[in-house]
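Chemist: This is the structure I want to talk about, given as structure tokens.
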Amino acid sequence: MKKLFISLSIILVSFISMTAQQPSGTPPKDEPVVKISTALIQIDVTVTDGSGKVVPGLGPADFDVFENGERQKISNLSFISKTSGGATVENGNAATTGDPNAAQPALSSARVGRTIAIVVDDLTLSFASVYYTRQALKKFVGDQMQSGDQVAIIRTGGGVGSLQQFTSDKALLMAAIEKIRWNPFGGSVDALASVSQNNTDLTERFGNESEQMASGNPKQYTLVHPHENVDQVQAAAKNDSRNSAAQEAGIYMQTSLGAIKYVIAGMESLPGRKAMMLFSDGITIQSDSEKSRASSVLDYLRDLTDTANRSSVVVYTFDTKGMQSMAITASDSTYEIIDGHREQKVAQRTRDFKDSQDGLVFLANQTGGKALLDSNDMNGGMQRALDEQAGYYLLGYIPDTETFDPVKRRYNKLEVRVNRPDLKVSYRSGFFNTNTSPVAAQTLSVERTIAKALTSPFTQNEITLNINALYADDPVDGAYIRSFIHIDASGLKFNDDAEGWKKATFDVSAVTFGDNGLPVESADSKYTIKTKGPTYDSMLKNGFVYVLMMPIKKAGVYQYRVALRDADTGKIGSASQVVEVPNLVKQGLAISSLAVEGVTPSIWQNITQGKVGNNPGQMHVASTLLYDTVMKQFVAGNVLRYGFEVYNAKLDGPAPRLETQVRILQNNKVVVEGAVNKFDASTQTDMKHIKISAAVMLRDTLAPGDYVLQVIVNDTAAKKRAVQIFPFEIIK
């Protein structure tokens, strides 16, 4: 386990350098990527009309490409039209998936329509900007995100892990949005700096008034600074104040840019052209003073844009401050600001506001994106970015020998022109000369291979895995997660031993990531499965379920990720799920996750009559509990059995007073509603962990599709209510 945690740390920390040094692999035919190599340079270009729609159908004669001012001969041109959910998204009007809370299947690289990283710079956002950004992101996920889109919502103040993986699951993305909070150490309360008095104002006012009282000459600071000119003192005080603020802002800017570069570098391995939407209160490139740490932000931005260009990531930036008035308002504190300084402060605030947009414009322009400035319609800007991902051109040319000579050219500037005045073209500005020589392939250890799969933005499907991670609480050991892992046995390598047994060995590891993106708990094991005959044949056909236990020390929302590696072939499979662990100390009434099993009506009748069991004279019926709980597929007309535990029920005498009810929902509408039943807890041995089991009939009128089993428990003594759900599918 220690090795796995070390490997996870190595993967997370060194991911930037690994992906930045490794050359891009050959892209599949249907997913071209931008290439910068000594043999060919390919650049992606977006052409839009006056309404912002992508324009297809252009040929080589419609473009001019310049490298360092010299025109290049276009050797190849192709138009890449992205599709999502089977519908072309050139007009941005394809249908969405509907319910934002509906669970979506995990994406593999072959199913991705658009790859979009949404980065929220919570290290700099003001309180107001956080509010409006959260509202815009919720609308994006609910209304604008399309089936097949792969989206990650990432905070610069948090790690890349829990609730931040690329996913098509809208419920997971909504959970990530809920985690966006105002950071009082980084962002201010208001988007605009308040106009108010500072140390310079106090010093100048006190000096002026003292001089007026002593000699009537306000031009000298005889009481405060008897040997210095007022202009020198005022300039020095202003510089010291601005230097300190700029240095602090520069620290947060560099931290944010480092997090953004991490995300961009991690996107390099994803297929095709990718988009990043950056929401920030601004990036100031250069301050007025050489002492400011912000003076090096431009170098960070240049390095960042080069990484983005080599990773085929187009960056769209959003100034979350929106449309602002620079005039003094009632919220500004103008008390005792000396005459003549009000206009100066408004002018300085205006300059600072515009300066904060420079970095956003630079980052967008240099990567082929656009900057949304001075606008309160963030969703409109997001739609424009989505529309531009509908299609793009790949223009290729063969460079000369000096292009990659770092002595002669450190930076190669690119320019693309379209020979139609009514069209606009967006493209990458250029690239730096760096060592692009191939790096020898590394042979990763088993631990690092599994760790890489656990942190990958895609599920690995060399071995198909399905999981259902269930939360429960143990009276002695506390909270834990029991994961049911269904393994497609056909993906494993079975070897014959001397006795005719079929044997396969695999390593399996699970990790919970906290909402800060860091691994919290882990569990792993090495297992050898041994089977033969009809059991082996059935296992190849239906797979089998492996159970893994993991203790959880702290309440919270976790992303639970599992990776499995075949010991013989090295094939990998992975899966993930979000699990919420309640705080039983503070929360009160709570319910564990649900375990379920489907049985036929005849078997259910025998169960209710006591005819099924392991005792003499009873029928023996093989349980499908493990399989059904993880696969979540049932037939209409059967009976759905379920079991769970209730925690923290209030005692009313020797036992609590509980009522239970079950519902089945489809598309948030109740299609089956059971009666409210009183539960007799008097026979329970542990009143803090009350075990309940029941069943519901899946009516034969229920059509195939996705449903949700909802269990409701009412504690009538405490007047508390708890709800647990289990999504499932009805099949023919």
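Identifiers for the structure tokens are assigned positionally: chains receive A, B, ... in sequence, residues are indexed from 1 per chain, and ligands are indexed from 1 in the order shown.
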May I have the residues within 10 Å of stretch 674-683 of chain A as a list of chain:residue names, using only C-alpha atoms and disregarding those fewer than 2 positions away in the same chain?
Modeler: A:Pro654, A:Ala655, A:Pro656, A:Arg657, A:Leu658, A:Glu659, A:Thr660, A:Gln661, A:Val662, A:Arg663, A:Ile664, A:Val672, A:Thr685, A:Asp686, A:Met687, A:Ile690, A:Lys691, A:Ile692, A:Val696, A:Met697, A:Val711, A:Ile712, A:Val713, A:Asn714
Chemist: Find the residues around A:Asp477 up to 12 Å (only C-alpha atoms counted), leave out those fewer than 6 positions away in its own chain, and share them as a list in words.
Modeler: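 The contact residues come out as Met550, Pro551, Ile552 and Lys553 of chain A.
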Chemist: Tell me which protein, DNA and RNA residues are within 7 Å of A:Phe634, counting only C-alpha atoms, leaving out same-chain ones fewer than 6 positions away, and put them as an NGL selection string.
Modeler: :A and (598 or 729-731)
Chemist: Atoms to include: C-alpha atoms. Write the selected residues as an mmCIF file, in the first residue's frame.
Modeler:
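Below you can see out_26.cif, which holds the result:
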```cif
data_model
loop_
_atom_site.group_PDB
_atom_site.id
_atom_site.type_symbol
_atom_site.label_atom_id
_atom_site.label_comp_id
_atom_site.auth_asym_id
_atom_site.auth_seq_id
_atom_site.Cartn_x
_atom_site.Cartn_y
_atom_site.Cartn_z
ATOM 1 C CA GLY A 598 -33.866 -9.379 -8.169
ATOM 2 C CA GLU A 729 -32.132 -0.274 -15.436
ATOM 3 C CA ILE A 730 -35.068 -2.384 -16.548
ATOM 4 C CA ILE A 731 -34.176 -4.661 -19.449
#
```
Chemist: Name the residues in contact with A:Val621 at a cut-off of 12 Å, using only C-alpha atoms, excluding same-chain residues fewer than 6 positions from it; report them as a PyMOL selection string.
Modeler: chain A and resi 599-600+602-604+606-607+611-615
Chemist: Residues of the last selection are to be written out with N, CA and C atoms, as a compact mmCIF listing (two decimals), in the first residue's frame.
Modeler:
```txt
# COMPACT_ATOMS: atom_id res chain seq x y z
N VAL A 599 -35.48 -11.18 -7.88
CA VAL A 599 -35.93 -12.57 -7.86
C VAL A 599 -37.24 -12.66 -8.62
N THR A 600 -37.55 -13.84 -9.10
CA THR A 600 -38.82 -14.06 -9.79
C THR A 600 -39.96 -14.08 -8.77
N SER A 602 -42.22 -16.32 -8.28
CA SER A 602 -42.37 -17.63 -7.64
C SER A 602 -41.33 -17.83 -6.54
N ILE A 603 -40.09 -17.42 -6.80
CA ILE A 603 -39.06 -17.53 -5.76
C ILE A 603 -39.40 -16.62 -4.59
N TRP A 604 -39.89 -15.43 -4.89
CA TRP A 604 -40.25 -14.51 -3.81
C TRP A 604 -41.38 -15.09 -2.95
N ASN A 606 -41.90 -18.26 -2.40
CA ASN A 606 -41.28 -19.30 -1.55
C ASN A 606 -40.47 -18.68 -0.42
N ILE A 607 -39.84 -17.54 -0.68
CA ILE A 607 -39.07 -16.87 0.37
C ILE A 607 -40.00 -16.39 1.47
N LYS A 611 -39.75 -21.17 2.65
CA LYS A 611 -39.33 -22.40 1.98
C LYS A 611 -37.91 -22.32 1.41
N VAL A 612 -37.30 -21.15 1.44
CA VAL A 612 -35.96 -20.98 0.87
C VAL A 612 -34.96 -20.80 2.01
N GLY A 613 -33.87 -21.56 1.97
CA GLY A 613 -32.83 -21.44 2.98
C GLY A 613 -31.87 -22.60 2.90
N ASN A 614 -31.01 -22.72 3.88
CA ASN A 614 -30.00 -23.78 3.92
C ASN A 614 -30.34 -24.88 4.92
N ASN A 615 -31.48 -24.78 5.56
CA ASN A 615 -31.86 -25.80 6.54
C ASN A 615 -32.47 -27.03 5.85
```
